[in-house]
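**Q** Can you read through this structure? Questions will come right after.
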Amino acid sequence: MTETVLVTLVDGVLTLTLNRPEKLNSFNEEMHLALRAQIERAHADPAVRAVLLTGAGRGFCAGQDLGDRDPRKGGPAPDLGHTLETFYNPTLRLLRNLEKPVICAVNGVAAGAGANIAFACDIVLAARSAKFIQAFSKIGLVPDAGGSWSLARILGEPRAKALALTAEPLSAERAADWGLIWKALDDETLMTEAAALAASLAAGPTLGLGLTKRLIQSAATNSLDEQLDLERDCQRQAGRSSDYAEGVTAFLEKRKSEFKGQ
Ligand code: T3D
């Protein structure tokens with residue numbers, strides 16, 4: 001049977017490739033479970049020092065597989081609150097709470113939950129040909145997979161509402177201009193640049209990078225006083241790491257740091 005998520009772990013980079021290209025990598029239950037299992041692994045396995053998420057074929061991810069929601073097959077209406085709680089929400093929480101960098105290489109169209117999973121990653125690179133679509137309103141649904149949260153926070157209400165209400169495709173260039181993603185890159189260079197970025201972060205001071213992620217994510221809800229306290233606590237922890245000692249030693253010895261991720 002074909003794997004719904006292709007997995008490699010090389011030099012600390014766990015590369016996860018959504019792999020249902022004939023359905024633009026839309027989510028069925030198997031792909032949900034496979035992706036979640038790998039993000040859980042990333043939490044637990046010290047050999048994983050960065051995650052790179054991408055899609056196989058011409059799309060990144062078209063959200064939920066609508067073939068699995070076909071009303072013509074009969075039966076009661078599905079409880080989509082239950083499917084969010086069971087499948088999407090745990091993955092979103094795992095991605096946000098993973099204290100290791102998560103890079104997303106959006107290789108093609110990202111629609112519905114597929115777009116919003118990308119926005120939950122730490123650094124999003126997209127091929128210039130890629131588009132982000134809040135497809136939900138086209139089928140009578142509301143934004144999910146954290147989209148109502150990330151769009152409103154990053155873009156503000158006017159742009160978030162327009163994207164969600166119209167389902168108008170957003171180009172990679174504009175997503176970068178609006179601060180929704182990090183960079184739009186030429187299609188041919190996307191994967192090389194994403195892999196190089198992931199490799200460089202995987203060779204970094206993993207504890208410090210994870211604490212940095214925690215700090216940035218806490219800023220929106222913390223007061224300045226709370227944030228200063230959190231910076232103090234995180235810096236205390238980072239300052240006790242062997243990677244910090246290595247970073248300072250390497251600077252003083254005028255050589256490149258060799259971080260171990262501890
Ligand atoms: O249900 C729950 O658990 C609640 C959670 C919901 C989360 C969500 O994500 S809801 C939103 C679901 N997604 C969509 O509504 C997007 C549907 N897809 C599209 O609108 C278009 O496919 C795209 C705009 C993404 C891309 O358009 P295009 O023209 O480049 O490709 P295409 O021809 O439409 O799609 C190519 C194939 O992928 C096609 O199959 P075929 O005809 O070649 O056999 C198409 O049916 C299939 N495909 C694309 N998206 C989905 C899909 N099959 C199943 N589910 C999909 N979401």
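In the structure tokens, chains take the letters A, B, ... in the order shown, each chain's residues start at 1, and ligands count up from 1 in the order shown.
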When you look at Ala176 in chain A with a cut-off of 12 Å (counting only C-alpha atoms), what residues show up, excluding the ones that are within fewer than 4 positions of it in the same chain? I need them as number ranges by chain.
**A** A: 119, 123-128, 130-132, 154-155, 170-172, 180-185
**Q** Can I get the residues of range 143-209 of chain A within 12 Å of range 242-258 of chain A, each with the closest pair of atoms and their distance in Å to one decimal, using only C-alpha atoms, sorted chain first then ascending number, as CSV?
**A**
```
residue,atom,partner,partner_atom,distance
A:Ser200,CA,A:Glu258,CA,11.5
A:Ala202,CA,A:Glu258,CA,11.4
A:Ala203,CA,A:Glu258,CA,7.7
A:Gly204,CA,A:Glu258,CA,8.1
A:Pro205,CA,A:Asp243,CA,5.6
A:Thr206,CA,A:Asp243,CA,8.3
A:Leu207,CA,A:Asp243,CA,8.2
A:Gly208,CA,A:Tyr244,CA,8.3
A:Leu209,CA,A:Asp243,CA,10.8
```
**Q** Report as CSV: every residue of chain A with an atom at most 7 Å from ligand 1, its closest pair of atoms, and their distance in Å to one decimal, counting only C-alpha atoms and all ligand atoms, with rows sorted by chain and ascending residue number.
**A**
```
residue,atom,partner,partner_atom_place_in_ligand_line,distance
A:Glu22,CA,ligand 1,38 (O),5.6
A:Lys23,CA,ligand 1,38 (O),3.7
A:Leu24,CA,ligand 1,38 (O),4.8
A:Ser26,CA,ligand 1,57 (N),5.1
A:Ala62,CA,ligand 1,57 (N),4.7
A:Gly63,CA,ligand 1,9 (O),3.3
A:Gln64,CA,ligand 1,9 (O),4.0
A:Asp65,CA,ligand 1,55 (N),3.4
A:Leu66,CA,ligand 1,55 (N),4.0
A:Gly67,CA,ligand 1,54 (C),5.1
A:Arg69,CA,ligand 1,1 (O),6.4
A:Leu80,CA,ligand 1,4 (C),5.0
A:Thr83,CA,ligand 1,3 (O),4.7
A:Leu84,CA,ligand 1,3 (O),5.7
A:Val109,CA,ligand 1,25 (C),5.9
A:Ala110,CA,ligand 1,25 (C),6.6
A:Ala111,CA,ligand 1,25 (C),5.2
A:Gly112,CA,ligand 1,9 (O),3.8
A:Ala113,CA,ligand 1,9 (O),3.8
A:Gly114,CA,ligand 1,9 (O),6.2
A:Ala135,CA,ligand 1,15 (O),4.8
A:Phe136,CA,ligand 1,11 (C),4.9
A:Lys138,CA,ligand 1,15 (O),6.8
A:Ile139,CA,ligand 1,15 (O),6.3
A:Leu141,CA,ligand 1,10 (S),6.8
A:Asp144,CA,ligand 1,7 (C),6.3
```
**Q** Save the residues we just selected, C-alpha atoms, as a PDB file, in the first residue's frame?
**A**
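Below is the file that was written, selection.pdb:
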```
ATOM      1  CA  GLU A  22      -3.893  12.299  -7.183  1.00  0.00           C
ATOM      2  CA  LYS A  23      -6.129  14.050  -4.591  1.00  0.00           C
ATOM      3  CA  LEU A  24      -3.815  17.054  -4.201  1.00  0.00           C
ATOM      4  CA  SER A  26      -6.105  16.074   0.735  1.00  0.00           C
ATOM      5  CA  ALA A  62      -6.252  20.547  -0.594  1.00  0.00           C
ATOM      6  CA  GLY A  63      -7.577  20.172   2.958  1.00  0.00           C
ATOM      7  CA  GLN A  64     -10.140  17.539   3.802  1.00  0.00           C
ATOM      8  CA  ASP A  65     -10.754  14.762   1.256  1.00  0.00           C
ATOM      9  CA  LEU A  66     -14.302  15.650   0.267  1.00  0.00           C
ATOM     10  CA  GLY A  67     -14.805  12.195  -1.201  1.00  0.00           C
ATOM     11  CA  ARG A  69     -17.790  13.481   3.100  1.00  0.00           C
ATOM     12  CA  LEU A  80     -17.427  17.888  11.808  1.00  0.00           C
ATOM     13  CA  THR A  83     -13.569  15.260  13.185  1.00  0.00           C
ATOM     14  CA  LEU A  84     -11.789  18.526  13.995  1.00  0.00           C
ATOM     15  CA  VAL A 109      -1.949  24.880  -4.136  1.00  0.00           C
ATOM     16  CA  ALA A 110      -2.787  24.915  -0.421  1.00  0.00           C
ATOM     17  CA  ALA A 111      -6.542  24.963   0.164  1.00  0.00           C
ATOM     18  CA  GLY A 112      -8.809  24.769   3.201  1.00  0.00           C
ATOM     19  CA  ALA A 113      -7.108  23.101   6.146  1.00  0.00           C
ATOM     20  CA  GLY A 114      -4.088  22.587   3.878  1.00  0.00           C
ATOM     21  CA  ALA A 135     -11.870  27.183   0.324  1.00  0.00           C
ATOM     22  CA  PHE A 136     -14.285  26.636   3.205  1.00  0.00           C
ATOM     23  CA  LYS A 138     -17.266  27.558  -1.192  1.00  0.00           C
ATOM     24  CA  ILE A 139     -18.733  24.482   0.510  1.00  0.00           C
ATOM     25  CA  LEU A 141     -17.966  25.618   6.052  1.00  0.00           C
ATOM     26  CA  ASP A 144     -10.589  25.647  10.609  1.00  0.00           C
TER      27      ASP A 144
END
```
**Q** Neighbouring residues of Leu35 in chain A were defined as those with any atom within 12 Å, considering only C-alpha atoms; residues of the same chain fewer than 2 positions away were excluded. Please report them as an mmCIF file with all heavy atoms, in the first residue's frame.
**A**
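The resulting around08.cif:
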```
data_model
loop_
_atom_site.group_PDB
_atom_site.id
_atom_site.type_symbol
_atom_site.label_atom_id
_atom_site.label_comp_id
_atom_site.auth_asym_id
_atom_site.auth_seq_id
_atom_site.Cartn_x
_atom_site.Cartn_y
_atom_site.Cartn_z
ATOM 1 N N GLU A 3 2.346 4.741 0.968
ATOM 2 C CA GLU A 3 2.390 5.513 2.218
ATOM 3 C C GLU A 3 1.748 6.873 1.985
ATOM 4 O O GLU A 3 2.051 7.547 0.995
ATOM 5 C CB GLU A 3 3.842 5.730 2.640
ATOM 6 C CG GLU A 3 4.610 4.455 2.953
ATOM 7 C CD GLU A 3 4.077 3.749 4.185
ATOM 8 O OE1 GLU A 3 3.611 4.451 5.101
ATOM 9 O OE2 GLU A 3 4.097 2.509 4.214
ATOM 10 N N THR A 4 0.897 7.305 2.901
ATOM 11 C CA THR A 4 0.246 8.618 2.738
ATOM 12 C C THR A 4 1.166 9.770 3.162
ATOM 13 O O THR A 4 0.934 10.921 2.800
ATOM 14 C CB THR A 4 -1.055 8.697 3.552
ATOM 15 O OG1 THR A 4 -0.757 8.298 4.895
ATOM 16 C CG2 THR A 4 -2.126 7.785 2.967
ATOM 17 N N VAL A 5 2.193 9.446 3.954
ATOM 18 C CA VAL A 5 3.210 10.442 4.287
ATOM 19 C C VAL A 5 4.573 9.787 4.089
ATOM 20 O O VAL A 5 4.849 8.738 4.681
ATOM 21 C CB VAL A 5 3.074 10.935 5.749
ATOM 22 C CG1 VAL A 5 4.183 11.934 6.080
ATOM 23 C CG2 VAL A 5 1.708 11.580 5.989
ATOM 24 N N LEU A 6 5.383 10.379 3.233
ATOM 25 C CA LEU A 6 6.741 9.855 3.027
ATOM 26 C C LEU A 6 7.644 10.493 4.077
ATOM 27 O O LEU A 6 7.540 11.702 4.347
ATOM 28 C CB LEU A 6 7.237 10.212 1.622
ATOM 29 C CG LEU A 6 6.339 9.735 0.469
ATOM 30 C CD1 LEU A 6 6.898 10.214 -0.868
ATOM 31 C CD2 LEU A 6 6.185 8.225 0.493
ATOM 32 N N VAL A 7 8.514 9.677 4.640
ATOM 33 C CA VAL A 7 9.294 10.142 5.786
ATOM 34 C C VAL A 7 10.775 9.855 5.570
ATOM 35 O O VAL A 7 11.149 8.734 5.204
ATOM 36 C CB VAL A 7 8.843 9.391 7.064
ATOM 37 C CG1 VAL A 7 9.642 9.866 8.282
ATOM 38 C CG2 VAL A 7 7.350 9.564 7.307
ATOM 39 N N LEU A 14 13.758 15.944 9.784
ATOM 40 C CA LEU A 14 12.678 14.990 9.519
ATOM 41 C C LEU A 14 11.830 15.578 8.394
ATOM 42 O O LEU A 14 11.135 16.582 8.597
ATOM 43 C CB LEU A 14 11.831 14.790 10.782
ATOM 44 C CG LEU A 14 10.701 13.774 10.671
ATOM 45 C CD1 LEU A 14 11.251 12.346 10.580
ATOM 46 C CD2 LEU A 14 9.745 13.879 11.859
ATOM 47 N N THR A 15 11.929 14.994 7.223
ATOM 48 C CA THR A 15 11.157 15.505 6.081
ATOM 49 C C THR A 15 9.882 14.685 5.941
ATOM 50 O O THR A 15 9.926 13.450 5.833
ATOM 51 C CB THR A 15 11.986 15.449 4.785
ATOM 52 O OG1 THR A 15 13.161 16.253 4.975
ATOM 53 C CG2 THR A 15 11.210 16.000 3.596
ATOM 54 N N LEU A 16 8.754 15.384 5.945
ATOM 55 C CA LEU A 16 7.442 14.736 5.847
ATOM 56 C C LEU A 16 6.775 15.213 4.566
ATOM 57 O O LEU A 16 6.523 16.419 4.406
ATOM 58 C CB LEU A 16 6.579 15.117 7.054
ATOM 59 C CG LEU A 16 7.202 14.843 8.431
ATOM 60 C CD1 LEU A 16 6.293 15.347 9.537
ATOM 61 C CD2 LEU A 16 7.495 13.353 8.589
ATOM 62 N N THR A 17 6.526 14.297 3.659
ATOM 63 C CA THR A 17 5.923 14.662 2.373
ATOM 64 C C THR A 17 4.521 14.058 2.299
ATOM 65 O O THR A 17 4.362 12.832 2.272
ATOM 66 C CB THR A 17 6.789 14.132 1.203
ATOM 67 O OG1 THR A 17 8.127 14.617 1.377
ATOM 68 C CG2 THR A 17 6.254 14.608 -0.141
ATOM 69 N N LEU A 18 3.526 14.933 2.294
ATOM 70 C CA LEU A 18 2.141 14.454 2.153
ATOM 71 C C LEU A 18 2.045 13.779 0.797
ATOM 72 O O LEU A 18 2.474 14.341 -0.222
ATOM 73 C CB LEU A 18 1.160 15.630 2.254
ATOM 74 C CG LEU A 18 1.300 16.487 3.526
ATOM 75 C CD1 LEU A 18 0.330 17.671 3.488
ATOM 76 C CD2 LEU A 18 1.084 15.649 4.786
ATOM 77 N N ASN A 19 1.476 12.580 0.784
ATOM 78 C CA ASN A 19 1.642 11.785 -0.433
ATOM 79 C C ASN A 19 0.336 11.148 -0.912
ATOM 80 O O ASN A 19 0.195 9.930 -0.935
ATOM 81 C CB ASN A 19 2.710 10.702 -0.179
ATOM 82 C CG ASN A 19 3.077 9.956 -1.448
ATOM 83 O OD1 ASN A 19 3.158 10.567 -2.514
ATOM 84 N ND2 ASN A 19 3.283 8.652 -1.345
ATOM 85 N N ASN A 25 -3.145 15.767 -2.267
ATOM 86 C CA ASN A 25 -2.722 15.529 -0.877
ATOM 87 C C ASN A 25 -3.776 15.956 0.137
ATOM 88 O O ASN A 25 -3.449 16.447 1.221
ATOM 89 C CB ASN A 25 -1.384 16.226 -0.585
ATOM 90 C CG ASN A 25 -0.309 15.789 -1.552
ATOM 91 O OD1 ASN A 25 -0.211 14.609 -1.875
ATOM 92 N ND2 ASN A 25 0.474 16.727 -2.059
ATOM 93 N N PHE A 27 -6.639 15.330 2.962
ATOM 94 C CA PHE A 27 -6.526 14.455 4.132
ATOM 95 C C PHE A 27 -7.604 13.378 4.167
ATOM 96 O O PHE A 27 -8.801 13.691 4.206
ATOM 97 C CB PHE A 27 -6.682 15.269 5.423
ATOM 98 C CG PHE A 27 -5.409 15.906 5.882
ATOM 99 C CD1 PHE A 27 -5.123 17.211 5.528
ATOM 100 C CD2 PHE A 27 -4.506 15.214 6.665
ATOM 101 C CE1 PHE A 27 -3.950 17.817 5.958
ATOM 102 C CE2 PHE A 27 -3.324 15.804 7.095
ATOM 103 C CZ PHE A 27 -3.048 17.114 6.732
ATOM 104 N N ASN A 28 -7.184 12.127 4.191
ATOM 105 C CA ASN A 28 -8.070 11.060 4.659
ATOM 106 C C ASN A 28 -7.593 10.670 6.063
ATOM 107 O O ASN A 28 -6.604 11.211 6.561
ATOM 108 C CB ASN A 28 -8.090 9.869 3.690
ATOM 109 C CG ASN A 28 -6.722 9.209 3.556
ATOM 110 O OD1 ASN A 28 -5.764 9.583 4.240
ATOM 111 N ND2 ASN A 28 -6.632 8.231 2.673
ATOM 112 N N GLU A 29 -8.288 9.752 6.685
ATOM 113 C CA GLU A 29 -7.939 9.418 8.080
ATOM 114 C C GLU A 29 -6.524 8.870 8.183
ATOM 115 O O GLU A 29 -5.786 9.168 9.116
ATOM 116 C CB GLU A 29 -8.947 8.410 8.646
ATOM 117 C CG GLU A 29 -10.284 9.052 8.929
ATOM 118 C CD GLU A 29 -11.192 8.211 9.815
ATOM 119 O OE1 GLU A 29 -10.723 7.206 10.399
ATOM 120 O OE2 GLU A 29 -12.369 8.567 9.917
ATOM 121 N N GLU A 30 -6.165 8.072 7.197
ATOM 122 C CA GLU A 30 -4.832 7.457 7.249
ATOM 123 C C GLU A 30 -3.733 8.535 7.221
ATOM 124 O O GLU A 30 -2.748 8.461 7.969
ATOM 125 C CB GLU A 30 -4.693 6.513 6.053
ATOM 126 C CG GLU A 30 -3.475 5.632 6.144
ATOM 127 C CD GLU A 30 -3.277 4.848 4.846
ATOM 128 O OE1 GLU A 30 -4.244 4.644 4.094
ATOM 129 O OE2 GLU A 30 -2.121 4.477 4.597
ATOM 130 N N MET A 31 -3.922 9.526 6.359
ATOM 131 C CA MET A 31 -2.888 10.576 6.273
ATOM 132 C C MET A 31 -2.862 11.415 7.551
ATOM 133 O O MET A 31 -1.792 11.803 8.026
ATOM 134 C CB MET A 31 -3.107 11.444 5.033
ATOM 135 C CG MET A 31 -1.869 12.283 4.691
ATOM 136 S SD MET A 31 -1.993 13.104 3.090
ATOM 137 C CE MET A 31 -2.698 14.668 3.569
ATOM 138 N N HIS A 32 -4.054 11.675 8.101
ATOM 139 C CA HIS A 32 -4.096 12.381 9.392
ATOM 140 C C HIS A 32 -3.247 11.651 10.430
ATOM 141 O O HIS A 32 -2.430 12.257 11.120
ATOM 142 C CB HIS A 32 -5.536 12.390 9.935
ATOM 143 C CG HIS A 32 -6.361 13.548 9.486
ATOM 144 N ND1 HIS A 32 -6.071 14.846 9.810
ATOM 145 C CD2 HIS A 32 -7.500 13.593 8.759
ATOM 146 C CE1 HIS A 32 -7.000 15.641 9.304
ATOM 147 N NE2 HIS A 32 -7.872 14.914 8.657
ATOM 148 N N LEU A 33 -3.507 10.356 10.552
ATOM 149 C CA LEU A 33 -2.843 9.595 11.625
ATOM 150 C C LEU A 33 -1.346 9.487 11.364
ATOM 151 O O LEU A 33 -0.536 9.574 12.289
ATOM 152 C CB LEU A 33 -3.484 8.203 11.754
ATOM 153 C CG LEU A 33 -4.959 8.237 12.208
ATOM 154 C CD1 LEU A 33 -5.547 6.835 12.235
ATOM 155 C CD2 LEU A 33 -5.104 8.906 13.587
ATOM 156 N N ALA A 37 1.461 11.013 13.842
ATOM 157 C CA ALA A 37 2.446 10.104 14.455
ATOM 158 C C ALA A 37 3.867 10.641 14.254
ATOM 159 O O ALA A 37 4.714 10.570 15.147
ATOM 160 C CB ALA A 37 2.313 8.713 13.855
ATOM 161 N N GLN A 38 4.117 11.219 13.094
ATOM 162 C CA GLN A 38 5.465 11.727 12.832
ATOM 163 C C GLN A 38 5.754 13.007 13.616
ATOM 164 O O GLN A 38 6.886 13.234 14.038
ATOM 165 C CB GLN A 38 5.657 11.978 11.326
ATOM 166 C CG GLN A 38 5.733 10.704 10.516
ATOM 167 C CD GLN A 38 6.850 9.760 10.999
ATOM 168 O OE1 GLN A 38 7.934 10.196 11.382
ATOM 169 N NE2 GLN A 38 6.574 8.460 11.000
ATOM 170 N N ILE A 39 4.731 13.826 13.828
ATOM 171 C CA ILE A 39 4.990 15.038 14.628
ATOM 172 C C ILE A 39 5.179 14.643 16.098
ATOM 173 O O ILE A 39 6.004 15.228 16.807
ATOM 174 C CB ILE A 39 3.875 16.081 14.443
ATOM 175 C CG1 ILE A 39 3.711 16.400 12.959
ATOM 176 C CG2 ILE A 39 4.230 17.387 15.155
ATOM 177 C CD1 ILE A 39 2.473 17.199 12.629
ATOM 178 N N GLU A 40 4.449 13.625 16.535
ATOM 179 C CA GLU A 40 4.677 13.112 17.900
ATOM 180 C C GLU A 40 6.108 12.580 18.023
ATOM 181 O O GLU A 40 6.791 12.798 19.018
ATOM 182 C CB GLU A 40 3.667 12.013 18.231
ATOM 183 C CG GLU A 40 2.296 12.588 18.585
ATOM 184 C CD GLU A 40 1.192 11.544 18.662
ATOM 185 O OE1 GLU A 40 1.403 10.400 18.170
ATOM 186 O OE2 GLU A 40 0.124 11.885 19.199
ATOM 187 N N ARG A 41 6.535 11.888 16.986
ATOM 188 C CA ARG A 41 7.913 11.394 16.990
ATOM 189 C C ARG A 41 8.908 12.553 17.091
ATOM 190 O O ARG A 41 9.905 12.480 17.814
ATOM 191 C CB ARG A 41 8.152 10.602 15.699
ATOM 192 C CG ARG A 41 9.600 10.279 15.463
ATOM 193 C CD ARG A 41 9.804 9.844 14.034
ATOM 194 N NE ARG A 41 11.189 9.528 13.775
ATOM 195 C CZ ARG A 41 11.636 9.095 12.608
ATOM 196 N NH1 ARG A 41 10.803 8.903 11.599
ATOM 197 N NH2 ARG A 41 12.906 8.844 12.436
ATOM 198 N N ALA A 42 8.618 13.628 16.346
ATOM 199 C CA ALA A 42 9.521 14.795 16.372
ATOM 200 C C ALA A 42 9.628 15.364 17.786
ATOM 201 O O ALA A 42 10.683 15.838 18.204
ATOM 202 C CB ALA A 42 9.030 15.870 15.402
ATOM 203 N N VAL A 51 11.905 20.001 11.371
ATOM 204 C CA VAL A 51 10.934 19.278 10.537
ATOM 205 C C VAL A 51 10.732 20.079 9.258
ATOM 206 O O VAL A 51 10.648 21.312 9.299
ATOM 207 C CB VAL A 51 9.591 19.108 11.282
ATOM 208 C CG1 VAL A 51 8.535 18.478 10.380
ATOM 209 C CG2 VAL A 51 9.769 18.277 12.550
ATOM 210 N N LEU A 52 10.674 19.365 8.146
ATOM 211 C CA LEU A 52 10.357 19.990 6.851
ATOM 212 C C LEU A 52 9.108 19.319 6.306
ATOM 213 O O LEU A 52 9.097 18.107 6.080
ATOM 214 C CB LEU A 52 11.540 19.807 5.887
ATOM 215 C CG LEU A 52 11.339 20.250 4.438
ATOM 216 C CD1 LEU A 52 10.942 21.715 4.337
ATOM 217 C CD2 LEU A 52 12.618 20.014 3.620
ATOM 218 N N LEU A 53 8.047 20.114 6.129
ATOM 219 C CA LEU A 53 6.768 19.579 5.643
ATOM 220 C C LEU A 53 6.538 20.059 4.215
ATOM 221 O O LEU A 53 6.655 21.258 3.926
ATOM 222 C CB LEU A 53 5.643 20.076 6.565
ATOM 223 C CG LEU A 53 4.212 19.690 6.209
ATOM 224 C CD1 LEU A 53 4.018 18.168 6.303
ATOM 225 C CD2 LEU A 53 3.221 20.392 7.141
ATOM 226 N N THR A 54 6.180 19.133 3.332
ATOM 227 C CA THR A 54 5.886 19.509 1.944
ATOM 228 C C THR A 54 4.877 18.524 1.362
ATOM 229 O O THR A 54 4.340 17.677 2.086
ATOM 230 C CB THR A 54 7.200 19.587 1.124
ATOM 231 O OG1 THR A 54 6.919 20.195 -0.147
ATOM 232 C CG2 THR A 54 7.834 18.231 0.903
ATOM 233 N N GLY A 55 4.596 18.681 0.059
ATOM 234 C CA GLY A 55 3.621 17.797 -0.571
ATOM 235 C C GLY A 55 4.192 17.168 -1.838
ATOM 236 O O GLY A 55 5.038 17.767 -2.504
ATOM 237 N N PHE A 87 -9.016 14.848 14.617
ATOM 238 C CA PHE A 87 -7.931 14.784 13.627
ATOM 239 C C PHE A 87 -7.144 16.089 13.471
ATOM 240 O O PHE A 87 -5.927 16.093 13.612
ATOM 241 C CB PHE A 87 -8.494 14.356 12.268
ATOM 242 C CG PHE A 87 -9.034 12.957 12.292
ATOM 243 C CD1 PHE A 87 -10.399 12.706 12.203
ATOM 244 C CD2 PHE A 87 -8.177 11.875 12.437
ATOM 245 C CE1 PHE A 87 -10.894 11.410 12.238
ATOM 246 C CE2 PHE A 87 -8.660 10.569 12.485
ATOM 247 C CZ PHE A 87 -10.024 10.340 12.382
ATOM 248 N N TYR A 88 -7.821 17.181 13.142
ATOM 249 C CA TYR A 88 -7.051 18.400 12.829
ATOM 250 C C TYR A 88 -6.459 19.062 14.071
ATOM 251 O O TYR A 88 -5.290 19.451 14.094
ATOM 252 C CB TYR A 88 -7.941 19.423 12.084
ATOM 253 C CG TYR A 88 -8.229 19.005 10.667
ATOM 254 C CD1 TYR A 88 -9.426 18.368 10.345
ATOM 255 C CD2 TYR A 88 -7.301 19.224 9.656
ATOM 256 C CE1 TYR A 88 -9.690 17.966 9.039
ATOM 257 C CE2 TYR A 88 -7.552 18.836 8.354
ATOM 258 C CZ TYR A 88 -8.750 18.207 8.062
ATOM 259 O OH TYR A 88 -8.998 17.804 6.772
ATOM 260 N N PRO A 90 -5.553 18.125 17.156
ATOM 261 C CA PRO A 90 -4.336 17.586 17.789
ATOM 262 C C PRO A 90 -3.081 17.873 16.961
ATOM 263 O O PRO A 90 -2.023 18.212 17.505
ATOM 264 C CB PRO A 90 -4.616 16.079 17.874
ATOM 265 C CG PRO A 90 -6.103 15.968 17.851
ATOM 266 C CD PRO A 90 -6.587 17.091 16.982
ATOM 267 N N THR A 91 -3.195 17.763 15.653
ATOM 268 C CA THR A 91 -2.022 18.015 14.800
ATOM 269 C C THR A 91 -1.595 19.475 14.885
ATOM 270 O O THR A 91 -0.401 19.784 14.980
ATOM 271 C CB THR A 91 -2.355 17.625 13.341
ATOM 272 O OG1 THR A 91 -2.592 16.227 13.325
ATOM 273 C CG2 THR A 91 -1.228 17.965 12.390
ATOM 274 N N LEU A 92 -2.583 20.367 14.857
ATOM 275 C CA LEU A 92 -2.252 21.802 14.967
ATOM 276 C C LEU A 92 -1.559 22.108 16.283
ATOM 277 O O LEU A 92 -0.546 22.826 16.323
ATOM 278 C CB LEU A 92 -3.541 22.630 14.835
ATOM 279 C CG LEU A 92 -3.844 23.165 13.449
ATOM 280 C CD1 LEU A 92 -2.853 24.267 13.079
ATOM 281 C CD2 LEU A 92 -3.803 22.082 12.368
ATOM 282 N N LEU A 94 0.103 20.021 18.163
ATOM 283 C CA LEU A 94 1.433 19.397 18.170
ATOM 284 C C LEU A 94 2.447 20.237 17.385
ATOM 285 O O LEU A 94 3.597 20.397 17.800
ATOM 286 C CB LEU A 94 1.362 17.997 17.568
ATOM 287 C CG LEU A 94 0.833 16.897 18.485
ATOM 288 C CD1 LEU A 94 0.461 15.660 17.668
ATOM 289 C CD2 LEU A 94 1.855 16.539 19.568
ATOM 290 N N LEU A 95 2.011 20.771 16.247
ATOM 291 C CA LEU A 95 2.925 21.589 15.426
ATOM 292 C C LEU A 95 3.331 22.853 16.170
ATOM 293 O O LEU A 95 4.503 23.222 16.199
ATOM 294 C CB LEU A 95 2.228 22.011 14.130
ATOM 295 C CG LEU A 95 2.237 21.040 12.967
ATOM 296 C CD1 LEU A 95 1.367 21.589 11.840
ATOM 297 C CD2 LEU A 95 3.650 20.775 12.471
ATOM 298 N N ILE A 117 -2.750 24.645 7.839
ATOM 299 C CA ILE A 117 -1.664 23.849 8.423
ATOM 300 C C ILE A 117 -0.325 24.488 8.047
ATOM 301 O O ILE A 117 0.583 24.596 8.869
ATOM 302 C CB ILE A 117 -1.770 22.379 7.982
ATOM 303 C CG1 ILE A 117 -2.913 21.720 8.757
ATOM 304 C CG2 ILE A 117 -0.452 21.626 8.179
ATOM 305 C CD1 ILE A 117 -3.292 20.344 8.324
#
```
**Q** From the list A:Glu168, A:Asp233, A:Asp122, A:Asp11, which residue is nearest Ile103 in chain A when using only C-alpha atoms?
**A**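 The answer is A:Asp122, which sits nearest to Ile103 in chain A.
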**Q** Return as a CSV table (one decimal) with C-alpha atoms, in the first residue's frame the full set of residues in range 13-112 of chain A whose backbone-based DSSP assignment is strand (DSSP E).
**A**
```
chain,number,residue,atom,x,y,z
A,13,VAL,CA,15.9,17.0,9.4
A,14,LEU,CA,12.7,15.0,9.5
A,15,THR,CA,11.2,15.5,6.1
A,16,LEU,CA,7.4,14.7,5.8
A,17,THR,CA,5.9,14.7,2.4
A,18,LEU,CA,2.1,14.5,2.2
A,50,ALA,CA,14.0,20.3,12.5
A,51,VAL,CA,10.9,19.3,10.5
A,52,LEU,CA,10.4,20.0,6.9
A,53,LEU,CA,6.8,19.6,5.6
A,54,THR,CA,5.9,19.5,1.9
A,55,GLY,CA,3.6,17.8,-0.6
A,59,GLY,CA,-0.2,20.5,-4.9
A,60,PHE,CA,0.7,21.0,-1.3
A,61,CYS,CA,-2.6,20.0,0.4
A,102,VAL,CA,9.1,23.5,11.5
A,103,ILE,CA,9.7,24.6,7.9
A,104,CYS,CA,6.9,24.3,5.4
A,105,ALA,CA,7.7,24.2,1.7
A,106,VAL,CA,4.4,24.9,-0.1
A,109,VAL,CA,-1.9,24.9,-4.1
A,110,ALA,CA,-2.8,24.9,-0.4
A,111,ALA,CA,-6.5,25.0,0.2
```
**Q** One number please: CA of Gly146 in chain A to CA of Asn89 in chain A, in Å, one decimal.
**A**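 Value for the CA of Gly146 in chain A-CA of Asn89 in chain A distance: 8.0 Å.
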**Q** So, counting only C-alpha atoms, which residue among A:Gly140, A:Gly108, A:Gly75, A:Pro46 is closest to Leu190 in chain A?
**A**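 Closest candidate: A:Gly108.
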**Q** Could you find all residues in range 76-220 of chain A that DSSP calls alpha helix (DSSP H) from the backbone, and write them as JSON, numbers by chain?
**A** {"A": [80, 81, 82, 83, 89, 90, 91, 92, 93, 94, 95, 96, 97, 113, 114, 115, 116, 117, 118, 119, 147, 148, 149, 150, 151, 152, 153, 154, 155, 157, 158, 159, 160, 161, 162, 163, 164, 165, 166, 172, 173, 174, 175, 176, 177, 190, 191, 192, 193, 194, 195, 196, 197, 198, 199, 200, 201, 202, 206, 207, 208, 209, 210, 211, 212, 213, 214, 215, 216, 217, 218, 219]}
**Q** Tell me, in Å to one decimal, how far CA of Met191 in chain A is from CA of Arg153 in chain A.
**A**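 Computing the Euclidean distance for CA of Met191 in chain A and CA of Arg153 in chain A yields 27.9 Å.
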